[in-house]
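Below is one structure, written out as structure tokens, with a few remarks after it.
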2 protein chains.
Amino acid sequence: MAITLGITMGDVNGVGPEILAKVLSRTSSDDTQTLVVYGSPEALSETARQCSLPPEWFESVEFRTAGVTDLRYEPGAMRAEAGAAAMRWLEAAIDDVTTGTIDAIVTCPISKEGIRAAGYACTGHTDYIAERTGSPNYRMSLFAGPMRAVHVSGHMPLKQALQSLTSDGIATTIRLAHDALERLGTPMKRIAVAGLNPHAGENGLLGSEDEAIVRPAVELCHEEGIDCSGPYPPDTVFWRMQRGDFDFVVALYHDQGHIPMKLVAMDIGVNVTLGIPIVRTSVDHGTAYDIAGKNVASESSLREAIALAARFAARA
Amino acid sequence: MAITLGITMGDVNGVGPEILAKVLSRTSSDDTQTLVVYGSPEALSETARQCSLPPEWFESVEFRTAGVTDLRYEPGAMRAEAGAAAMRWLEAAIDDVTTGTIDAIVTCPISKEGIRAAGYACTGHTDYIAERTGSPNYRMSLFAGPMRAVHVSGHMPLKQALQSLTSDGIATTIRLAHDALERLGTPMKRIAVAGLNPHAGENGLLGSEDEAIVRPAVELCHEEGIDCSGPYPPDTVFWRMQRGDFDFVVALYHDQGHIPMKLVAMDIGVNVTLGIPIVRTSVDHGTAYDIAGKNVASESSLREAIALAARFAARA
């Protein structure tokens, strides 16, 4: 059955239009997949011209503008108007996926500054989507080929991430990782939970949280039938996933997962929001205002994000 | 001028004898470099036989046994006697490098359990060497080709690492990184300091430490003439070093540096102790009792550790 993926353009003055144009000029809708762009036709057309992309593909792109017209296209500029437009497109896409008009959302980057200037209080896409879909237990995950990491906590100070760490929060994260692998249909679903302290606390010598908070969550989920284990020494668990020992790593704070995932997969990483009732993937980079409109941005992450959304949507 | 490197065998029942035999069978002393082994001739000879290494190199190996005799060689076994022997060899090597008999120490792994069983209270090589050389401001660093990371704090709970973070401690670490690059004679000495919080705190939105504690240390060292900058978002600073933007990253806690360095350099990483009055490098792995005596251990890290000690010693 054909699936329909909605791709939001994000901040029109970031690299969104460029990576979209690069992907769409090589990936047309077909029998299995329809792509719908929530964004500005003018910006997409203009960036395609700047990047010297052949023009014929543009005709077949389906747009939903969500009532945004006369949007200034000024690559590299942070503007409130662009932030407001990005949020209009996002809202329209969320509404459409909620009502079933489309099957999944793939998002291009927005500017936090831009959306704040437009009057939105949220800190980004993920928080906003979670709030709008009524999902308090969402998690940010990163996918890069066979490497996957999901984070118990997101954008908060490290000290707060430590203070707010609970067995419940870890167990919820393990279950979401398992659920994601099930939805993807991976043959193995080996989930490794990273420890919090150096060497995963070394039996209490280097901190008590690994035994007191992390291990009970792992044991609980294991009793529920999930193939999970840990806590593992953080400094080797990602290396072990890379060599094939695990299918997903649960990271206990933002940078524990982001540092290794970005190191091995800067251009092909995909951000996936788990724990929400819709399929949503995203590129794993920001607006990159400094290179916007210069025809140097890599579209690899967007291409991977679309492919992964299609895999999730096909099995949803 | 020829330099003399002392290599300690470490725990005789770990992979130390095997990696030593593999390296020494291919690296003899020559006009530029003399290698001295602090360890058991019997264990080295026996492991060489087990690994089917050609016998001729063994004759020329210079040993210092530090009075250890009749040591049982039992690969894979954790024994107090082996822990005691490892510390005797280490002490002899420290004494020799302090008096100038040798120019640097390269250490093979010891077992923390083993040295504790032997009655030593220290948590490992690094702490012991720092204490014995009267060096309160030592730092653990990892080297892997063009990637280098030095840690503001070492083996302590993450919560404690956060609580003990000071501008002074960071500034000391930056200076030690600069000093190390100077001793190595690298053409560029660009030191990047990682932030503490996600996105380096995003101007205070995600925590105050990056502006309040990290930035002043970077500015102070920069005023002293050191080519340092930061705080940088932790999740891209190692990737940037990998692509060539920086020569050293200052990591604010153990796993911030260990996770990325082990991921990219599991087999070629070298541990270097900075802030001590002697040159000391080490393999970047443990005793690996599970594979000891099985002729599968990789000697790459030891080979790199010897080469790096030679570079430091030649310029010391």
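Letters A, B, ... mark the chains of the structure tokens in the order given; residue numbers begin at 1 per chain; ligand numbers begin at 1, in order shown.
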For the reference chain B, what are the coordinates of chain A after least-squares fitting (all Cα, in-order pairing), as a CSV table (one decimal) with C-alpha atoms, in the first residue's frame?
```
chain,number,residue,atom,x,y,z
A,1,MET,CA,71.1,10.5,21.6
A,2,ALA,CA,69.8,7.1,22.4
A,3,ILE,CA,66.9,6.9,24.8
A,4,THR,CA,66.0,4.1,27.2
A,5,LEU,CA,62.4,3.1,27.7
A,6,GLY,CA,61.3,1.0,30.6
A,7,ILE,CA,58.3,-1.2,30.0
A,8,THR,CA,56.5,-2.7,33.0
A,9,MET,CA,54.9,-6.1,32.4
A,10,GLY,CA,51.9,-5.3,34.7
A,11,ASP,CA,49.8,-8.2,35.9
A,12,VAL,CA,51.7,-11.3,34.8
A,13,ASN,CA,48.4,-13.2,34.3
A,14,GLY,CA,46.8,-10.6,32.1
A,15,VAL,CA,47.6,-9.9,28.5
A,16,GLY,CA,50.8,-8.0,29.4
A,17,PRO,CA,53.3,-10.7,28.7
A,18,GLU,CA,51.6,-11.6,25.4
A,19,ILE,CA,51.5,-8.1,24.0
A,20,LEU,CA,55.1,-7.5,25.2
A,21,ALA,CA,56.3,-10.6,23.5
A,22,LYS,CA,54.5,-9.7,20.3
A,23,VAL,CA,56.0,-6.2,20.3
A,24,LEU,CA,59.5,-7.2,21.3
A,25,SER,CA,59.8,-10.0,18.8
A,26,ARG,CA,59.4,-7.3,16.1
A,27,THR,CA,61.1,-4.3,17.8
A,28,SER,CA,64.6,-4.8,19.0
A,29,SER,CA,66.7,-2.2,20.8
A,30,ASP,CA,68.8,-0.2,18.3
A,31,ASP,CA,71.1,2.9,18.1
A,32,THR,CA,68.2,5.2,18.9
A,33,GLN,CA,66.3,3.3,21.5
A,34,THR,CA,66.9,0.7,24.3
A,35,LEU,CA,64.0,-1.2,25.7
A,36,VAL,CA,64.1,-2.5,29.2
A,37,VAL,CA,61.5,-4.9,30.6
A,38,TYR,CA,60.5,-4.7,34.2
A,39,GLY,CA,58.9,-8.1,34.6
A,40,SER,CA,59.3,-11.9,34.6
A,41,PRO,CA,61.6,-13.4,32.0
A,42,GLU,CA,59.9,-16.8,32.5
A,43,ALA,CA,56.4,-15.5,31.8
A,44,LEU,CA,57.7,-13.6,28.7
A,45,SER,CA,59.5,-16.7,27.4
A,46,GLU,CA,56.5,-19.0,28.1
A,47,THR,CA,54.0,-16.7,26.4
A,48,ALA,CA,56.3,-16.4,23.4
A,49,ARG,CA,56.3,-20.1,23.1
A,50,GLN,CA,52.5,-20.3,23.4
A,51,CYS,CA,52.2,-17.7,20.7
A,52,SER,CA,54.7,-19.5,18.5
A,53,LEU,CA,56.9,-16.5,18.2
A,54,PRO,CA,60.4,-17.1,16.8
A,55,PRO,CA,62.8,-17.5,19.7
A,56,GLU,CA,65.9,-15.5,18.6
A,57,TRP,CA,64.8,-12.0,19.8
A,58,PHE,CA,64.4,-13.2,23.4
A,59,GLU,CA,68.1,-13.4,24.1
A,60,SER,CA,68.6,-9.7,23.6
A,61,VAL,CA,65.8,-8.5,26.0
A,62,GLU,CA,67.1,-6.7,29.0
A,63,PHE,CA,65.2,-7.5,32.2
A,64,ARG,CA,64.9,-5.9,35.6
A,65,THR,CA,63.1,-8.3,37.9
A,66,ALA,CA,63.1,-6.1,41.0
A,67,GLY,CA,63.8,-9.1,43.1
A,68,VAL,CA,60.6,-11.0,42.0
A,69,THR,CA,61.3,-14.7,41.5
A,70,ASP,CA,59.3,-17.9,41.3
A,71,LEU,CA,56.2,-16.1,40.2
A,72,ARG,CA,53.4,-18.4,39.1
A,73,TYR,CA,52.3,-17.8,35.5
A,74,GLU,CA,48.7,-18.7,35.2
A,75,PRO,CA,47.0,-16.7,32.4
A,76,GLY,CA,43.5,-15.5,33.4
A,77,ALA,CA,43.9,-15.9,37.1
A,78,MET,CA,43.5,-12.9,39.5
A,79,ARG,CA,46.1,-13.4,42.1
A,80,ALA,CA,47.5,-11.2,44.9
A,81,GLU,CA,51.0,-12.4,44.2
A,82,ALA,CA,50.8,-11.1,40.6
A,83,GLY,CA,49.4,-7.8,41.9
A,84,ALA,CA,52.4,-7.5,44.3
A,85,ALA,CA,54.9,-8.3,41.6
A,86,ALA,CA,53.3,-5.7,39.2
A,87,MET,CA,53.7,-3.0,41.9
A,88,ARG,CA,57.3,-4.0,42.6
A,89,TRP,CA,58.2,-3.6,38.9
A,90,LEU,CA,56.3,-0.3,38.7
A,91,GLU,CA,58.2,1.0,41.8
A,92,ALA,CA,61.5,0.0,40.3
A,93,ALA,CA,60.7,1.7,37.0
A,94,ILE,CA,59.6,4.9,38.8
A,95,ASP,CA,62.8,4.9,40.8
A,96,ASP,CA,64.9,4.4,37.7
A,97,VAL,CA,63.2,7.1,35.7
A,98,THR,CA,63.4,9.5,38.6
A,99,THR,CA,67.1,9.0,39.0
A,100,GLY,CA,67.6,9.1,35.2
A,101,THR,CA,68.6,5.5,34.6
A,102,ILE,CA,65.8,5.3,32.1
A,103,ASP,CA,64.0,8.1,30.2
A,104,ALA,CA,60.4,7.0,30.3
A,105,ILE,CA,57.9,4.4,31.5
A,106,VAL,CA,55.4,2.5,29.4
A,107,THR,CA,53.0,0.4,31.5
A,108,CYS,CA,51.1,-2.8,30.6
A,109,PRO,CA,47.8,-3.3,32.5
A,110,ILE,CA,47.5,-4.2,36.1
A,111,SER,CA,44.4,-5.5,37.9
A,112,LYS,CA,42.9,-3.2,40.5
A,113,GLU,CA,41.5,-6.2,42.3
A,114,GLY,CA,45.0,-7.8,42.2
A,115,ILE,CA,46.8,-4.8,43.6
A,116,ARG,CA,44.1,-4.4,46.3
A,117,ALA,CA,44.5,-8.0,47.2
A,118,ALA,CA,48.2,-7.3,47.5
A,119,GLY,CA,47.5,-4.6,50.1
A,120,TYR,CA,47.8,-1.4,47.9
A,121,ALA,CA,45.1,1.2,48.5
A,122,CYS,CA,45.5,3.0,45.2
A,123,THR,CA,42.9,2.7,42.5
A,124,GLY,CA,45.5,2.2,39.7
A,125,HIS,CA,48.7,3.0,38.0
A,126,THR,CA,48.0,6.7,37.4
A,127,ASP,CA,47.1,7.6,40.9
A,128,TYR,CA,50.0,5.7,42.3
A,129,ILE,CA,52.6,7.3,40.0
A,130,ALA,CA,51.2,10.7,40.7
A,131,GLU,CA,51.4,10.1,44.4
A,132,ARG,CA,54.9,8.6,44.3
A,133,THR,CA,56.2,11.5,42.2
A,134,GLY,CA,54.4,14.1,44.5
A,135,SER,CA,52.1,15.4,41.7
A,136,PRO,CA,48.7,16.6,42.9
A,137,ASN,CA,47.7,18.2,39.6
A,138,TYR,CA,48.0,15.2,37.3
A,139,ARG,CA,45.6,14.5,34.5
A,140,MET,CA,44.7,11.4,32.4
A,141,SER,CA,44.9,11.9,28.7
A,142,LEU,CA,44.2,9.7,25.7
A,143,PHE,CA,46.1,10.0,22.4
A,144,ALA,CA,45.0,8.4,19.1
A,145,GLY,CA,46.8,9.7,16.1
A,146,PRO,CA,45.7,13.3,15.6
A,147,MET,CA,43.0,13.0,18.2
A,148,ARG,CA,43.8,13.8,21.8
A,149,ALA,CA,41.7,14.3,24.9
A,150,VAL,CA,42.6,15.3,28.4
A,151,HIS,CA,40.2,15.0,31.3
A,152,VAL,CA,39.7,17.6,34.0
A,153,SER,CA,38.6,14.8,36.4
A,154,GLY,CA,39.3,11.1,36.5
A,155,HIS,CA,37.8,8.1,38.2
A,156,MET,CA,35.1,9.6,40.4
A,157,PRO,CA,31.3,9.5,40.3
A,158,LEU,CA,29.8,11.8,37.6
A,159,LYS,CA,27.9,13.8,40.3
A,160,GLN,CA,31.2,14.4,42.1
A,161,ALA,CA,32.9,15.4,38.8
A,162,LEU,CA,30.2,18.1,38.3
A,163,GLN,CA,30.4,19.3,41.9
A,164,SER,CA,34.2,19.6,41.9
A,165,LEU,CA,34.5,21.4,38.5
A,166,THR,CA,36.3,24.7,38.9
A,167,SER,CA,37.8,27.3,36.6
A,168,ASP,CA,41.2,26.6,38.2
A,169,GLY,CA,41.0,22.9,37.5
A,170,ILE,CA,40.0,23.6,33.9
A,171,ALA,CA,42.8,26.2,33.4
A,172,THR,CA,45.4,23.7,34.8
A,173,THR,CA,44.2,21.1,32.3
A,174,ILE,CA,44.3,23.5,29.4
A,175,ARG,CA,47.9,24.4,30.3
A,176,LEU,CA,48.9,20.7,30.6
A,177,ALA,CA,47.4,20.1,27.1
A,178,HIS,CA,49.4,23.0,25.7
A,179,ASP,CA,52.6,21.9,27.4
A,180,ALA,CA,52.1,18.3,26.0
A,181,LEU,CA,51.7,19.6,22.5
A,182,GLU,CA,54.8,21.8,22.9
A,183,ARG,CA,56.8,18.9,24.2
A,184,LEU,CA,55.7,16.8,21.1
A,185,GLY,CA,56.6,19.7,18.8
A,186,THR,CA,53.3,19.7,17.0
A,187,PRO,CA,53.1,22.7,14.5
A,188,MET,CA,49.7,23.7,15.8
A,189,LYS,CA,48.4,23.7,19.3
A,190,ARG,CA,44.7,24.4,19.0
A,191,ILE,CA,43.0,23.4,22.2
A,192,ALA,CA,39.2,23.1,22.3
A,193,VAL,CA,37.4,23.0,25.6
A,194,ALA,CA,34.2,21.0,25.6
A,195,GLY,CA,31.2,22.4,27.4
A,196,LEU,CA,29.5,20.7,30.3
A,197,ASN,CA,25.8,20.9,29.3
A,198,PRO,CA,24.0,20.0,26.1
A,199,HIS,CA,24.9,22.6,23.3
A,200,ALA,CA,27.4,24.0,25.9
A,201,GLY,CA,24.5,25.5,27.8
A,202,GLU,CA,23.0,27.5,25.0
A,203,ASN,CA,23.7,30.8,26.6
A,204,GLY,CA,22.5,29.8,30.0
A,205,LEU,CA,19.2,28.2,28.8
A,206,LEU,CA,20.6,24.7,29.5
A,207,GLY,CA,22.7,25.3,32.6
A,208,SER,CA,24.9,28.0,34.0
A,209,GLU,CA,28.3,26.3,34.4
A,210,ASP,CA,29.5,26.8,30.8
A,211,GLU,CA,29.4,30.5,31.2
A,212,ALA,CA,30.2,30.7,34.9
A,213,ILE,CA,33.0,28.1,35.2
A,214,VAL,CA,34.2,27.0,31.8
A,215,ARG,CA,34.4,30.3,29.8
A,216,PRO,CA,36.5,32.2,32.4
A,217,ALA,CA,39.1,29.4,32.4
A,218,VAL,CA,39.3,29.5,28.6
A,219,GLU,CA,39.6,33.3,28.6
A,220,LEU,CA,42.4,33.2,31.3
A,221,CYS,CA,44.5,30.7,29.4
A,222,HIS,CA,43.9,32.6,26.1
A,223,GLU,CA,45.2,35.7,27.7
A,224,GLU,CA,48.3,33.7,28.8
A,225,GLY,CA,49.0,33.1,25.1
A,226,ILE,CA,47.5,29.6,24.7
A,227,ASP,CA,45.6,28.9,21.5
A,228,CYS,CA,42.5,27.7,23.2
A,229,SER,CA,38.8,28.2,22.7
A,230,GLY,CA,35.4,27.1,23.8
A,231,PRO,CA,33.3,26.0,25.5
A,232,TYR,CA,32.0,24.0,22.5
A,233,PRO,CA,28.9,21.8,22.2
A,234,PRO,CA,30.2,18.5,23.5
A,235,ASP,CA,28.4,16.5,20.8
A,236,THR,CA,30.3,18.0,17.9
A,237,VAL,CA,33.7,19.0,19.3
A,238,PHE,CA,35.3,15.5,18.9
A,239,TRP,CA,33.9,15.2,15.4
A,240,ARG,CA,35.5,18.6,14.7
A,241,MET,CA,38.8,17.4,16.1
A,242,GLN,CA,38.6,14.3,13.9
A,243,ARG,CA,38.1,16.4,10.8
A,244,GLY,CA,41.1,18.6,11.7
A,245,ASP,CA,39.8,21.7,13.5
A,246,PHE,CA,41.6,21.0,16.8
A,247,ASP,CA,44.7,19.3,18.2
A,248,PHE,CA,43.5,18.6,21.7
A,249,VAL,CA,40.1,18.5,23.4
A,250,VAL,CA,39.8,19.2,27.1
A,251,ALA,CA,37.0,17.0,28.4
A,252,LEU,CA,35.2,18.0,31.6
A,253,TYR,CA,34.6,14.5,33.0
A,254,HIS,CA,35.9,10.9,32.4
A,255,ASP,CA,33.3,9.6,29.9
A,256,GLN,CA,33.0,12.9,27.9
A,257,GLY,CA,36.5,12.1,26.6
A,258,HIS,CA,36.6,8.4,26.9
A,259,ILE,CA,33.4,7.6,25.0
A,260,PRO,CA,34.5,9.3,21.7
A,261,MET,CA,38.2,8.4,22.0
A,262,LYS,CA,37.5,4.7,22.6
A,263,LEU,CA,35.0,4.7,19.8
A,264,VAL,CA,37.4,5.9,17.1
A,265,ALA,CA,40.5,4.3,18.5
A,266,MET,CA,39.8,1.2,20.5
A,267,ASP,CA,43.0,-0.6,19.5
A,268,ILE,CA,45.5,2.2,18.9
A,269,GLY,CA,44.7,4.5,21.9
A,270,VAL,CA,47.5,5.5,24.3
A,271,ASN,CA,47.0,6.7,27.8
A,272,VAL,CA,49.4,9.5,28.8
A,273,THR,CA,49.7,10.9,32.3
A,274,LEU,CA,50.2,14.7,32.2
A,275,GLY,CA,51.3,16.9,35.1
A,276,ILE,CA,53.9,14.5,36.5
A,277,PRO,CA,57.7,15.1,36.3
A,278,ILE,CA,58.3,11.9,34.3
A,279,VAL,CA,57.2,10.6,30.9
A,280,ARG,CA,54.7,7.9,31.3
A,281,THR,CA,52.5,6.3,28.7
A,282,SER,CA,50.3,3.2,28.9
A,283,VAL,CA,48.2,0.9,26.9
A,284,ASP,CA,44.5,2.0,26.8
A,285,HIS,CA,43.0,-1.3,28.0
A,286,GLY,CA,42.9,-3.6,31.0
A,287,THR,CA,44.3,-7.0,31.9
A,288,ALA,CA,41.6,-8.7,29.8
A,289,TYR,CA,41.9,-11.9,31.9
A,290,ASP,CA,39.3,-13.5,29.6
A,291,ILE,CA,41.6,-13.6,26.6
A,292,ALA,CA,45.0,-13.8,28.4
A,293,GLY,CA,47.2,-16.6,27.1
A,294,LYS,CA,45.0,-17.3,24.1
A,295,ASN,CA,47.2,-15.5,21.5
A,296,VAL,CA,44.4,-13.2,20.4
A,297,ALA,CA,45.3,-10.0,22.2
A,298,SER,CA,46.3,-7.0,19.9
A,299,GLU,CA,49.6,-5.4,20.7
A,300,SER,CA,48.8,-2.2,18.7
A,301,SER,CA,48.1,-0.1,21.7
A,302,LEU,CA,51.4,-1.1,23.3
A,303,ARG,CA,53.3,-0.4,20.1
A,304,GLU,CA,51.7,3.1,19.9
A,305,ALA,CA,52.4,3.7,23.7
A,306,ILE,CA,56.1,2.9,23.1
A,307,ALA,CA,56.3,5.2,20.1
A,308,LEU,CA,54.7,8.0,21.9
A,309,ALA,CA,56.9,7.6,25.0
A,310,ALA,CA,59.9,7.8,22.7
A,311,ARG,CA,58.6,11.0,21.2
A,312,PHE,CA,58.0,12.6,24.6
A,313,ALA,CA,61.4,11.3,26.0
A,314,ALA,CA,63.4,12.5,23.0
A,315,ARG,CA,62.2,16.1,23.6
A,316,ALA,CA,62.0,16.0,27.4
```
Could you give me the residues within stretch 152-251 of chain B that DSSP places in strand (DSSP E or B), as an MDAnalysis selection string? chainID B and resid 191:194 228:232 248:251
Residues from the last selection, all heavy atoms, saved as a PDB file, in the first residue's frame:
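For reference, selection.pdb as written:
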```
ATOM      1  N   ILE B 191      43.694  24.080  21.105  1.00  0.00           N
ATOM      2  CA  ILE B 191      43.022  23.344  22.184  1.00  0.00           C
ATOM      3  C   ILE B 191      41.565  23.772  22.269  1.00  0.00           C
ATOM      4  O   ILE B 191      41.261  24.955  22.415  1.00  0.00           O
ATOM      5  CB  ILE B 191      43.745  23.600  23.522  1.00  0.00           C
ATOM      6  CG1 ILE B 191      45.186  23.074  23.420  1.00  0.00           C
ATOM      7  CG2 ILE B 191      42.999  22.944  24.673  1.00  0.00           C
ATOM      8  CD1 ILE B 191      46.085  23.549  24.534  1.00  0.00           C
ATOM      9  N   ALA B 192      40.667  22.804  22.168  1.00  0.00           N
ATOM     10  CA  ALA B 192      39.236  23.078  22.282  1.00  0.00           C
ATOM     11  C   ALA B 192      38.750  22.572  23.632  1.00  0.00           C
ATOM     12  O   ALA B 192      39.080  21.459  24.033  1.00  0.00           O
ATOM     13  CB  ALA B 192      38.475  22.390  21.167  1.00  0.00           C
ATOM     14  N   VAL B 193      37.988  23.395  24.332  1.00  0.00           N
ATOM     15  CA  VAL B 193      37.429  22.966  25.611  1.00  0.00           C
ATOM     16  C   VAL B 193      35.961  22.616  25.401  1.00  0.00           C
ATOM     17  O   VAL B 193      35.185  23.433  24.885  1.00  0.00           O
ATOM     18  CB  VAL B 193      37.587  24.074  26.677  1.00  0.00           C
ATOM     19  CG1 VAL B 193      37.035  23.604  28.017  1.00  0.00           C
ATOM     20  CG2 VAL B 193      39.060  24.464  26.809  1.00  0.00           C
ATOM     21  N   ALA B 194      35.590  21.395  25.756  1.00  0.00           N
ATOM     22  CA  ALA B 194      34.199  20.962  25.626  1.00  0.00           C
ATOM     23  C   ALA B 194      33.357  21.670  26.684  1.00  0.00           C
ATOM     24  O   ALA B 194      33.845  22.007  27.759  1.00  0.00           O
ATOM     25  CB  ALA B 194      34.093  19.449  25.807  1.00  0.00           C
ATOM     26  N   CYS B 228      43.656  28.477  22.772  1.00  0.00           N
ATOM     27  CA  CYS B 228      42.526  27.665  23.234  1.00  0.00           C
ATOM     28  C   CYS B 228      41.224  28.411  22.986  1.00  0.00           C
ATOM     29  O   CYS B 228      41.197  29.632  22.873  1.00  0.00           O
ATOM     30  CB  CYS B 228      42.660  27.331  24.717  1.00  0.00           C
ATOM     31  SG  CYS B 228      42.694  28.766  25.806  1.00  0.00           S
ATOM     32  N   SER B 229      40.151  27.636  22.884  1.00  0.00           N
ATOM     33  CA  SER B 229      38.840  28.228  22.649  1.00  0.00           C
ATOM     34  C   SER B 229      37.758  27.313  23.215  1.00  0.00           C
ATOM     35  O   SER B 229      38.016  26.175  23.569  1.00  0.00           O
ATOM     36  CB  SER B 229      38.626  28.465  21.155  1.00  0.00           C
ATOM     37  OG  SER B 229      38.815  27.256  20.434  1.00  0.00           O
ATOM     38  N   GLY B 230      36.569  27.840  23.302  1.00  0.00           N
ATOM     39  CA  GLY B 230      35.451  27.085  23.847  1.00  0.00           C
ATOM     40  C   GLY B 230      34.703  27.922  24.872  1.00  0.00           C
ATOM     41  O   GLY B 230      34.984  29.115  24.992  1.00  0.00           O
ATOM     42  N   PRO B 231      33.764  27.361  25.602  1.00  0.00           N
ATOM     43  CA  PRO B 231      33.303  25.972  25.526  1.00  0.00           C
ATOM     44  C   PRO B 231      32.511  25.683  24.249  1.00  0.00           C
ATOM     45  O   PRO B 231      31.750  26.525  23.786  1.00  0.00           O
ATOM     46  CB  PRO B 231      32.388  25.855  26.757  1.00  0.00           C
ATOM     47  CG  PRO B 231      31.885  27.246  26.997  1.00  0.00           C
ATOM     48  CD  PRO B 231      33.012  28.149  26.609  1.00  0.00           C
ATOM     49  N   TYR B 232      32.741  24.501  23.683  1.00  0.00           N
ATOM     50  CA  TYR B 232      32.052  24.043  22.481  1.00  0.00           C
ATOM     51  C   TYR B 232      30.970  23.019  22.834  1.00  0.00           C
ATOM     52  O   TYR B 232      31.123  22.291  23.810  1.00  0.00           O
ATOM     53  CB  TYR B 232      33.042  23.362  21.533  1.00  0.00           C
ATOM     54  CG  TYR B 232      34.020  24.305  20.884  1.00  0.00           C
ATOM     55  CD1 TYR B 232      35.317  24.407  21.342  1.00  0.00           C
ATOM     56  CD2 TYR B 232      33.631  25.102  19.818  1.00  0.00           C
ATOM     57  CE1 TYR B 232      36.230  25.284  20.747  1.00  0.00           C
ATOM     58  CE2 TYR B 232      34.527  25.982  19.213  1.00  0.00           C
ATOM     59  CZ  TYR B 232      35.815  26.065  19.690  1.00  0.00           C
ATOM     60  OH  TYR B 232      36.701  26.928  19.104  1.00  0.00           O
ATOM     61  N   PHE B 248      43.710  19.138  20.382  1.00  0.00           N
ATOM     62  CA  PHE B 248      43.499  18.560  21.722  1.00  0.00           C
ATOM     63  C   PHE B 248      42.110  19.008  22.177  1.00  0.00           C
ATOM     64  O   PHE B 248      41.720  20.160  21.950  1.00  0.00           O
ATOM     65  CB  PHE B 248      44.542  19.116  22.716  1.00  0.00           C
ATOM     66  CG  PHE B 248      45.171  18.091  23.621  1.00  0.00           C
ATOM     67  CD1 PHE B 248      46.549  18.029  23.750  1.00  0.00           C
ATOM     68  CD2 PHE B 248      44.387  17.210  24.359  1.00  0.00           C
ATOM     69  CE1 PHE B 248      47.160  17.092  24.586  1.00  0.00           C
ATOM     70  CE2 PHE B 248      44.979  16.273  25.193  1.00  0.00           C
ATOM     71  CZ  PHE B 248      46.368  16.211  25.307  1.00  0.00           C
ATOM     72  N   VAL B 249      41.376  18.117  22.807  1.00  0.00           N
ATOM     73  CA  VAL B 249      40.105  18.516  23.426  1.00  0.00           C
ATOM     74  C   VAL B 249      40.223  18.326  24.932  1.00  0.00           C
ATOM     75  O   VAL B 249      40.683  17.276  25.401  1.00  0.00           O
ATOM     76  CB  VAL B 249      38.910  17.698  22.885  1.00  0.00           C
ATOM     77  CG1 VAL B 249      37.656  17.957  23.735  1.00  0.00           C
ATOM     78  CG2 VAL B 249      38.617  18.059  21.428  1.00  0.00           C
ATOM     79  N   VAL B 250      39.844  19.340  25.678  1.00  0.00           N
ATOM     80  CA  VAL B 250      39.754  19.228  27.129  1.00  0.00           C
ATOM     81  C   VAL B 250      38.342  18.750  27.456  1.00  0.00           C
ATOM     82  O   VAL B 250      37.357  19.427  27.145  1.00  0.00           O
ATOM     83  CB  VAL B 250      40.034  20.578  27.818  1.00  0.00           C
ATOM     84  CG1 VAL B 250      39.731  20.498  29.319  1.00  0.00           C
ATOM     85  CG2 VAL B 250      41.493  20.988  27.588  1.00  0.00           C
ATOM     86  N   ALA B 251      38.241  17.554  28.034  1.00  0.00           N
ATOM     87  CA  ALA B 251      36.950  16.983  28.423  1.00  0.00           C
ATOM     88  C   ALA B 251      36.733  17.240  29.905  1.00  0.00           C
ATOM     89  O   ALA B 251      37.658  17.151  30.697  1.00  0.00           O
ATOM     90  CB  ALA B 251      36.928  15.490  28.134  1.00  0.00           C
TER      91      ALA B 251
END
```
